[in-house]
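Peer 1: The file below is input_8.txt, compact mmCIF, C-alpha atoms and all ligand atoms:
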# COMPACT_ATOMS: atom_id res chain seq x y z
CA MET A 1089 75.01 78.80 63.89
CA THR A 1090 78.64 78.97 64.91
CA GLU A 1091 80.28 79.06 68.30
CA ARG A 1092 82.69 81.59 69.78
CA HIS A 1093 84.76 81.19 72.91
CA VAL A 1094 85.96 84.42 74.50
CA LEU A 1095 88.01 85.18 77.60
CA GLY A 1096 88.61 88.66 79.01
CA ILE A 1097 92.13 89.37 80.27
CA SER A 1098 92.19 92.12 82.90
CA GLY A 1099 95.93 92.49 83.35
CA GLY A 1100 95.60 90.88 86.78
CA ARG A 1101 96.45 87.47 88.17
CA ASP A 1102 93.14 85.59 88.01
CA SER A 1103 92.16 86.10 84.38
CA ALA A 1104 95.72 85.36 83.23
CA ALA A 1105 95.65 82.12 85.21
CA LEU A 1106 92.31 81.24 83.65
CA ALA A 1107 93.78 81.74 80.18
CA VAL A 1108 96.64 79.40 81.14
CA TYR A 1109 94.18 76.88 82.60
CA MET A 1110 91.91 76.88 79.53
CA ARG A 1111 94.89 76.51 77.19
CA GLN A 1112 96.09 73.50 79.18
CA GLN A 1113 92.72 71.87 79.89
CA HIS A 1114 90.91 72.71 76.66
CA PRO A 1115 93.46 73.01 73.86
CA GLU A 1116 90.69 72.00 71.43
CA LEU A 1117 88.87 75.33 71.96
CA ASP A 1118 89.85 78.25 69.74
CA ILE A 1119 89.57 80.87 72.47
CA GLU A 1120 89.66 84.56 71.58
CA TYR A 1121 91.37 86.59 74.28
CA PHE A 1122 90.56 90.25 74.73
CA PHE A 1123 91.70 93.13 76.90
CA THR A 1124 89.54 96.24 77.33
CA ASP A 1125 92.18 98.94 77.31
CA THR A 1126 91.07 102.00 79.26
CA GLY A 1127 94.03 104.03 78.03
CA LYS A 1128 95.04 104.53 81.66
CA GLU A 1129 96.74 101.26 82.48
CA LEU A 1130 99.99 100.77 84.33
CA PRO A 1131 103.01 100.08 82.10
CA GLU A 1132 103.47 96.83 84.05
CA VAL A 1133 100.12 95.64 82.66
CA TYR A 1134 101.32 95.82 79.05
CA GLU A 1135 104.51 94.01 79.99
CA PHE A 1136 102.45 91.25 81.63
CA LEU A 1137 100.12 90.96 78.62
CA GLY A 1138 103.19 90.45 76.42
CA ARG A 1139 104.42 87.68 78.72
CA LEU A 1140 101.03 86.00 78.64
CA GLU A 1141 100.76 86.25 74.86
CA GLY A 1142 104.11 84.47 74.69
CA PHE A 1143 102.67 81.56 76.65
CA LEU A 1144 99.34 81.47 74.80
CA GLY A 1145 101.02 81.70 71.42
CA LYS A 1146 98.41 84.13 70.15
CA PRO A 1147 97.63 87.82 70.46
CA ILE A 1148 95.22 89.29 72.99
CA ALA A 1149 92.80 91.59 71.14
CA ARG A 1150 92.82 95.17 72.46
CA LEU A 1151 89.33 96.69 72.62
CA ASN A 1152 88.65 100.46 72.91
CA PRO A 1153 91.13 101.65 70.30
CA GLU A 1154 89.47 105.07 70.03
CA ARG A 1155 87.17 105.77 72.97
CA ASP A 1156 89.42 105.75 75.98
CA PHE A 1157 89.19 107.25 79.46
CA ASP A 1158 89.80 110.80 78.23
CA PHE A 1159 87.02 110.56 75.66
CA TRP A 1160 84.46 109.45 78.25
CA LEU A 1161 85.67 111.92 80.85
CA LYS A 1162 84.72 114.73 78.45
CA GLU A 1163 81.33 113.06 77.79
CA TYR A 1164 80.70 113.04 81.54
CA LYS A 1165 81.54 116.75 81.79
CA ASP A 1166 84.88 116.14 83.52
CA PHE A 1167 83.25 114.45 86.51
CA LEU A 1168 85.52 111.73 87.86
CA PRO A 1169 84.09 108.22 88.08
CA SER A 1170 83.36 107.08 91.62
CA PRO A 1171 81.72 104.15 93.43
CA GLN A 1172 78.42 106.11 93.18
CA THR A 1173 78.77 106.95 89.48
CA ARG A 1174 80.83 104.25 87.93
CA TRP A 1175 80.71 105.36 84.32
CA CYS A 1176 84.18 103.96 83.73
CA THR A 1177 83.14 100.32 84.13
CA LYS A 1178 80.07 100.78 81.98
CA GLN A 1179 81.76 102.66 79.15
CA LEU A 1180 85.26 101.21 79.22
CA LYS A 1181 84.63 97.62 80.20
CA ILE A 1182 81.07 96.42 79.61
CA LYS A 1183 80.05 98.27 76.46
CA PRO A 1184 83.23 97.52 74.46
CA PHE A 1185 82.77 93.85 75.25
CA GLU A 1186 79.10 93.92 74.25
CA THR A 1187 79.95 95.71 71.02
CA TRP A 1188 82.69 93.22 70.28
CA VAL A 1189 80.34 90.20 70.52
CA LYS A 1190 77.18 91.98 69.36
CA THR A 1191 77.20 90.78 65.74
CA SER A 1192 77.67 87.17 66.81
CA VAL A 1193 74.94 87.41 69.45
CA GLN A 1194 72.46 89.06 67.06
CA ARG A 1195 73.21 86.46 64.40
CA GLY A 1196 72.23 83.79 66.92
CA ASP A 1197 75.73 82.36 67.33
CA GLN A 1198 76.49 80.69 70.63
CA VAL A 1199 79.05 82.78 72.52
CA HIS A 1200 80.81 81.25 75.52
CA SER A 1201 82.45 83.74 77.84
CA TYR A 1202 84.92 82.41 80.43
CA VAL A 1203 85.22 84.50 83.58
CA ALA A 1204 87.90 84.18 86.27
CA ILE A 1205 85.93 84.08 89.48
CA ARG A 1206 87.79 81.84 91.92
CA SER A 1207 86.29 79.19 94.18
CA ASP A 1208 87.14 81.30 97.25
CA GLU A 1209 85.30 84.37 95.96
CA ASP A 1210 81.70 83.81 96.91
CA TYR A 1211 80.94 87.51 97.13
CA ARG A 1212 81.72 88.23 93.51
CA GLU A 1213 79.17 87.95 90.79
CA GLY A 1214 80.04 87.51 87.17
CA TYR A 1215 78.76 89.48 84.24
CA VAL A 1216 75.08 88.70 83.64
CA SER A 1217 74.55 88.68 79.92
CA GLY A 1218 70.75 88.71 79.66
CA GLN A 1219 71.11 86.88 76.31
CA SER A 1220 70.38 83.19 76.12
CA ASN A 1221 73.09 82.62 73.50
CA LEU A 1222 75.77 84.45 75.51
CA LYS A 1223 76.67 81.95 78.16
CA VAL A 1224 78.98 82.81 81.04
CA HIS A 1225 81.22 80.03 82.40
CA LEU A 1226 83.13 80.08 85.71
CA PRO A 1227 85.73 77.31 85.29
CA PHE A 1228 87.68 78.11 88.48
CA ARG A 1229 84.60 77.93 90.63
CA GLU A 1230 83.60 74.64 89.03
CA ALA A 1231 87.10 73.16 89.44
CA GLY A 1232 87.55 74.49 93.01
CA ILE A 1233 90.57 76.62 92.10
CA ASP A 1234 91.35 79.26 94.73
CA LYS A 1235 93.93 82.04 95.07
CA ALA A 1236 96.81 79.66 95.84
CA GLY A 1237 95.80 77.52 92.85
CA VAL A 1238 95.86 80.55 90.59
CA THR A 1239 99.39 81.52 91.68
CA GLU A 1240 100.53 77.93 91.20
CA LEU A 1241 99.14 77.83 87.66
CA LEU A 1242 100.98 81.01 86.68
CA GLU A 1243 104.27 79.98 88.28
CA ALA A 1244 104.19 76.51 86.74
CA ALA A 1245 103.49 77.99 83.30
CA GLY A 1246 106.48 80.33 83.64
CA VAL A 1247 104.22 83.39 83.33
CA GLY A 1248 104.52 84.45 86.97
CA LEU A 1249 102.67 87.34 88.58
CA PRO A 1250 102.31 90.85 87.20
CA SER A 1251 105.19 92.89 88.62
CA TYR A 1252 102.91 95.57 90.12
CA TYR A 1253 101.73 93.04 92.74
CA ARG A 1254 104.87 94.06 94.64
CA TRP A 1255 103.27 97.40 95.52
CA ARG A 1256 99.61 97.27 94.51
CA SER A 1257 96.82 94.75 94.94
CA ARG A 1258 95.27 94.77 91.50
CA SER A 1259 95.49 96.46 88.18
CA GLY A 1260 92.73 98.40 86.53
CA CYS A 1261 92.95 102.01 85.69
CA THR A 1262 96.03 103.65 87.14
CA PHE A 1263 93.74 106.07 88.95
CA CYS A 1264 91.09 103.60 90.10
CA PHE A 1265 89.15 105.11 92.99
CA TYR A 1266 88.94 101.69 94.64
CA GLN A 1267 92.60 101.76 95.56
CA GLN A 1268 93.66 102.21 99.16
CA LYS A 1269 95.51 105.30 100.36
CA ILE A 1270 98.72 103.29 100.70
CA GLU A 1271 98.39 102.41 97.01
CA TRP A 1272 98.15 106.09 96.10
CA ALA A 1273 101.28 106.69 98.17
CA ARG A 1274 103.02 103.89 96.32
CA LEU A 1275 101.80 105.13 92.95
CA LEU A 1276 103.60 108.34 93.77
CA ASP A 1277 106.78 106.33 94.50
CA GLU A 1278 106.54 104.03 91.49
CA HIS A 1279 105.04 106.29 88.83
CA PRO A 1280 105.30 109.94 89.91
CA ASP A 1281 104.21 111.12 86.44
CA ALA A 1282 101.01 109.09 86.64
CA PHE A 1283 100.35 110.48 90.12
CA GLU A 1284 100.78 114.01 88.79
CA ASP A 1285 98.35 113.18 85.95
CA ALA A 1286 95.82 111.95 88.50
CA LYS A 1287 96.23 115.18 90.45
CA ARG A 1288 95.60 117.21 87.28
CA TYR A 1289 92.44 115.21 86.48
CA GLU A 1290 91.21 115.75 90.00
CA LYS A 1291 91.87 119.46 90.00
CA ASN A 1292 90.15 119.82 86.63
CA ALA A 1293 87.14 117.82 87.91
CA LEU A 1294 86.83 119.89 91.07
CA ASP A 1295 87.06 123.07 88.97
CA HIS A 1296 84.13 121.70 86.90
CA GLY A 1297 82.01 121.09 89.98
CA SER A 1298 82.66 117.37 90.46
CA PRO A 1299 81.84 116.35 94.05
CA PHE A 1300 84.34 113.48 93.94
CA THR A 1301 88.04 113.25 94.67
CA TRP A 1302 89.91 110.08 93.65
CA SER A 1303 90.48 109.04 97.22
CA GLN A 1304 87.63 109.39 99.66
CA GLY A 1305 87.71 112.40 101.93
CA GLU A 1306 90.85 114.15 100.65
CA SER A 1307 92.43 115.42 97.48
CA LEU A 1308 95.64 113.98 96.10
CA GLU A 1309 97.21 117.34 96.75
CA ASP A 1310 96.52 116.83 100.48
CA LEU A 1311 97.33 113.13 100.40
CA SER A 1312 100.77 113.80 98.91
CA ARG A 1313 101.94 116.20 101.61
CA PRO A 1314 105.00 114.66 103.33
CA GLU A 1315 103.42 114.50 106.78
CA ARG A 1316 100.24 112.89 105.39
CA LEU A 1317 102.24 110.33 103.37
CA ALA A 1318 104.23 109.46 106.47
CA GLN A 1319 100.99 108.97 108.41
CA ILE A 1320 99.52 106.72 105.70
CA ARG A 1321 102.66 104.57 105.74
CA ILE A 1322 102.68 104.31 109.53
CA ASP A 1323 98.97 103.36 109.58
CA HIS A 1324 99.54 100.72 106.92
CA ASP A 1325 102.57 99.23 108.71
CA ARG A 1326 100.57 99.05 111.93
CA ARG A 1327 97.76 97.21 110.19
CA VAL A 1328 100.26 94.76 108.66
CA GLU A 1329 101.89 94.21 112.05
CA ARG A 1330 98.49 93.53 113.64
CA LEU A 1331 97.64 91.04 110.91
CA LYS A 1332 100.98 89.31 111.26
CA ARG A 1333 100.54 88.95 114.99
CA LYS A 1334 97.08 87.57 114.45
CA ARG A 1335 98.24 85.05 111.92
CA LEU A 1336 101.59 84.32 113.57
CA ILE A 1337 103.35 85.03 110.31
CA ASN A 1338 107.12 85.17 110.65
CA ALA A 1339 109.36 87.91 109.27
CA LEU A 1340 110.30 85.91 106.20
CA GLN A 1341 106.70 85.93 105.05
CA ASP A 1342 106.25 89.71 105.17
CA GLU A 1343 105.97 89.98 101.41
CA ALA A 1344 103.15 87.45 101.29
CA ILE A 1345 100.71 89.84 102.93
CA GLU A 1346 98.67 91.53 100.24
CA ILE A 1347 96.77 94.77 100.45
CA ASP A 1348 93.39 93.06 100.10
CA GLU A 1349 94.19 90.95 103.15
CA VAL A 1350 95.00 94.04 105.17
CA TYR A 1351 91.95 96.10 104.19
CA GLY A 1352 89.55 93.41 102.95
CA SER A 1353 88.30 93.36 99.39
CA ALA A 1354 84.64 92.39 99.63
CA GLY A 1355 82.43 95.25 98.61
CA LYS A 1356 85.36 97.28 97.34
CA MET A 1357 86.19 95.09 94.38
CA CYS A 1358 85.53 96.36 90.92
CA VAL A 1359 83.28 93.40 90.09
CA THR A 1360 83.25 93.81 86.35
CA CYS A 1361 86.87 94.81 85.93
CA HIS A 1362 87.86 91.44 87.42
CA LYS A 1363 91.16 92.51 88.83
S1 LIG B 1 89.39 99.60 87.35
FE1 LIG B 1 88.41 101.18 88.63
S2 LIG B 1 88.51 103.07 87.46
FE2 LIG B 1 88.92 101.35 86.05
S3 LIG B 1 86.97 100.83 85.13
FE3 LIG B 1 87.19 99.55 86.93
S4 LIG B 1 86.23 100.69 88.61
FE4 LIG B 1 86.59 102.11 86.94
Would it be possible to restate this file's structure as structure tokens?

Peer 2:
Amino acid sequence: MTERHVLGISGGRDSAALAVYMRQQHPELDIEYFFTDTGKELPEVYEFLGRLEGFLGKPIARLNPERDFDFWLKEYKDFLPSPQTRWCTKQLKIKPFETWVKTSVQRGDQVHSYVAIRSDEDYREGYVSGQSNLKVHLPFREAGIDKAGVTELLEAAGVGLPSYYRWRSRSGCTFCFYQQKIEWARLLDEHPDAFEDAKRYEKNALDHGSPFTWSQGESLEDLSRPERLAQIRIDHDRRVERLKRKRLINALQDEAIEIDEVYGSAGKMCVTCHK
């Protein structure tokens, strides 16, 4: 029996910090890093992965080389994924991981999977393997490392934060239906081509009878009308102002307010994607 140590990198802050932490605290472990590429990631994610690989001194394996978002969209008859029918997480995140470790698990090898759930994230549950020789570890929870600790780890290692944190709360598929309306508005600002792609997917899905739009209650066509975009921005700014008043945050700390703090993340988080 042999042992494998694996750590999933999501393209977000927490899993990158966990990779840094494990490299520093457990240099004796030969950890295999992997990234389940949905084929619909932000360009900033690939740039961040490159930065992290530089620190780790080893490549991050890319899973899903052939069966990406477009493949599965066809399989699901052009119906968009949604919180009710989350085929994306199952097909693009969980299954590729299970396939990747399957041979080892079936052979009876001990597989240790390290998952970046922080000590301040009680509401999140990790992946439940159902296999006795696939053991899930939560090092941040055990070590009491919270959100501030994660940022500190990345800054101290010279990796820093992914650059999309400036305008979006987490990574994941460019079109993730969990994003807030202000994030759609900002996707239009930052990556207008990706926004247009999302609109095309949505139109195609609606033409095929899908009951879901990417953003709840309105199509991207409607969301991107100038008056609607202006309204979304005003609503968001008001929420931020309210939060600032509540927390007595001064003007210099404006940038520190993240989208999850404004809208709350519990219950909306893509649990398995670990963003
Ligand atoms: S990030 Fe969003 S769209 Fe992508 S797999 Fe997770 S839930 Fe689905």

Peer 1: Report the distance between atom CA of Ile1097 of chain A and atom CA of Phe1123 of chain A in Å, rounded to one decimal place.

Peer 2: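 Separation of atom CA of Ile1097 of chain A and atom CA of Phe1123 of chain A: 5.1 Å.
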
Peer 1: Fewer than 6 positions away in the same chain doesn't count, so skip those; otherwise give me all residues within 9 Å of Gln1267 of chain A, counting all atoms listed in the file, as a PDB file with C-alpha atoms, keeping the file's coordinate frame.

Peer 2:
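Result file out_39.pdb:
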ATOM      1  CA  ARG A1256      99.610  97.270  94.510  1.00  0.00           C
ATOM      2  CA  SER A1257      96.820  94.750  94.940  1.00  0.00           C
ATOM      3  CA  ARG A1258      95.270  94.770  91.500  1.00  0.00           C
ATOM      4  CA  TRP A1302      89.910 110.080  93.650  1.00  0.00           C
ATOM      5  CA  SER A1303      90.480 109.040  97.220  1.00  0.00           C
ATOM      6  CA  LYS A1356      85.360  97.280  97.340  1.00  0.00           C
TER       7      LYS A1356
END

Peer 1: Go ahead and fit an axis-aligned box to every listed atom of ligand LIG 1 (chain B) plus 4 Å each side, and pass me the centre and edge lengths in Å, one decimal, as AutoDock Vina command-line options.

Peer 2:
--center_x 87.8 --center_y 101.3 --center_z 86.9 --size_x 11.2 --size_y 11.5 --size_z 11.5

Peer 1: Counting all atoms listed in the file, which of A:Arg1333, A:Trp1255, A:Ala1104, A:Pro1184 gets nearest to Gly1138 of chain A?

Peer 2: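 Among the listed residues, A:Ala1104 lies closest to Gly1138 of chain A.
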
Peer 1: Report the distance between atom CA of Glu1120 of chain A and atom CA of Ile1233 of chain A in Å, rounded to one decimal place.

Peer 2: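 Interatomic distance, atom CA of Glu1120 of chain A to atom CA of Ile1233 of chain A: 22.0 Å.
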
Peer 1: Between A:Gly1260, A:Pro1147, A:Pro1227, A:Pro1171, single out the one closest to ligand LIG 1 (chain B), counting all atoms listed in the file.

Peer 2: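 Checking each candidate against ligand LIG 1 (chain B), we get A:Gly1260 as the closest.
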
Peer 1: List every protein, DNA or RNA residue with an atom no more than 10 Å from (83.5, 96.8, 68.2) in the file's coordinates, counting only C-alpha atoms, and format the result as a list in words.

Peer 2: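 The answer, in the requested form, is Leu1151, Asn1152, Pro1153, Lys1183, Pro1184, Phe1185, Glu1186, Thr1187, Trp1188, Val1189, Lys1190 and Thr1191 of chain A.
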
Peer 1: Go through A:His1279, A:Arg1150, A:Lys1178, A:Arg1195 and flag the residue nearest ligand LIG 1 (chain B), using only C-alpha atoms and all ligand atoms for the distances.

Peer 2: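 That would be A:Lys1178, the residue with the smallest distance to ligand LIG 1 (chain B).
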
Peer 1: Between A:Ile1320, A:Ala1273, A:Gln1268, A:Leu1168, which one has atoms that come closest to Asp1348 of chain A, using all atoms listed in the file?

Peer 2: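 Closest to Asp1348 of chain A, using all atoms listed in the file: A:Gln1268.
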
Peer 1: Residues within 12 Å of Ala1245 of chain A, please, as a count of residues only. Count only C-alpha atoms; anything in the same chain fewer than 3 positions from it doesn't count.

Peer 2: 20

Peer 1: Please export segment 1215-1230 of chain A as a PDB file, in the first residue's frame, restricted to N, CA and C atoms.

Peer 2:
ATOM      1  N   TYR A1215     -15.789  17.890   1.257  1.00  0.00           N
ATOM      2  CA  TYR A1215     -16.165  16.753   0.436  1.00  0.00           C
ATOM      3  C   TYR A1215     -16.183  15.498   1.301  1.00  0.00           C
ATOM      4  N   VAL A1216     -17.273  14.742   1.233  1.00  0.00           N
ATOM      5  CA  VAL A1216     -17.375  13.502   2.004  1.00  0.00           C
ATOM      6  C   VAL A1216     -17.068  12.359   1.057  1.00  0.00           C
ATOM      7  N   SER A1217     -15.985  11.662   1.330  1.00  0.00           N
ATOM      8  CA  SER A1217     -15.499  10.709   0.333  1.00  0.00           C
ATOM      9  C   SER A1217     -16.304   9.410   0.295  1.00  0.00           C
ATOM     10  N   GLY A1218     -16.745   8.918   1.439  1.00  0.00           N
ATOM     11  CA  GLY A1218     -17.449   7.639   1.475  1.00  0.00           C
ATOM     12  C   GLY A1218     -16.504   6.458   1.321  1.00  0.00           C
ATOM     13  N   GLN A1219     -15.212   6.693   1.244  1.00  0.00           N
ATOM     14  CA  GLN A1219     -14.209   5.627   1.120  1.00  0.00           C
ATOM     15  C   GLN A1219     -13.288   5.718   2.332  1.00  0.00           C
ATOM     16  N   SER A1220     -13.088   4.586   2.988  1.00  0.00           N
ATOM     17  CA  SER A1220     -12.282   4.658   4.209  1.00  0.00           C
ATOM     18  C   SER A1220     -10.819   5.011   3.914  1.00  0.00           C
ATOM     19  N   ASN A1221     -10.341   4.685   2.730  1.00  0.00           N
ATOM     20  CA  ASN A1221      -8.928   4.997   2.436  1.00  0.00           C
ATOM     21  C   ASN A1221      -8.755   6.322   1.676  1.00  0.00           C
ATOM     22  N   LEU A1222      -9.835   7.109   1.601  1.00  0.00           N
ATOM     23  CA  LEU A1222      -9.717   8.476   1.075  1.00  0.00           C
ATOM     24  C   LEU A1222     -10.075   9.408   2.220  1.00  0.00           C
ATOM     25  N   LYS A1223      -9.038   9.902   2.858  1.00  0.00           N
ATOM     26  CA  LYS A1223      -9.257  10.668   4.084  1.00  0.00           C
ATOM     27  C   LYS A1223      -9.151  12.170   3.812  1.00  0.00           C
ATOM     28  N   VAL A1224     -10.160  12.899   4.260  1.00  0.00           N
ATOM     29  CA  VAL A1224     -10.181  14.349   4.059  1.00  0.00           C
ATOM     30  C   VAL A1224      -9.625  15.046   5.305  1.00  0.00           C
ATOM     31  N   HIS A1225      -8.669  15.952   5.084  1.00  0.00           N
ATOM     32  CA  HIS A1225      -8.073  16.709   6.192  1.00  0.00           C
ATOM     33  C   HIS A1225      -8.423  18.190   6.044  1.00  0.00           C
ATOM     34  N   LEU A1226      -8.643  18.852   7.170  1.00  0.00           N
ATOM     35  CA  LEU A1226      -8.969  20.289   7.164  1.00  0.00           C
ATOM     36  C   LEU A1226      -7.923  21.034   8.000  1.00  0.00           C
ATOM     37  N   PRO A1227      -6.735  21.224   7.464  1.00  0.00           N
ATOM     38  CA  PRO A1227      -5.636  21.795   8.277  1.00  0.00           C
ATOM     39  C   PRO A1227      -5.915  23.185   8.825  1.00  0.00           C
ATOM     40  N   PHE A1228      -6.622  24.041   8.072  1.00  0.00           N
ATOM     41  CA  PHE A1228      -6.893  25.391   8.575  1.00  0.00           C
ATOM     42  C   PHE A1228      -7.819  25.358   9.778  1.00  0.00           C
ATOM     43  N   ARG A1229      -8.799  24.485   9.711  1.00  0.00           N
ATOM     44  CA  ARG A1229      -9.726  24.403  10.839  1.00  0.00           C
ATOM     45  C   ARG A1229      -8.985  23.896  12.079  1.00  0.00           C
ATOM     46  N   GLU A1230      -8.125  22.912  11.859  1.00  0.00           N
ATOM     47  CA  GLU A1230      -7.370  22.361  12.998  1.00  0.00           C
ATOM     48  C   GLU A1230      -6.404  23.386  13.587  1.00  0.00           C
TER      49      GLU A1230
END
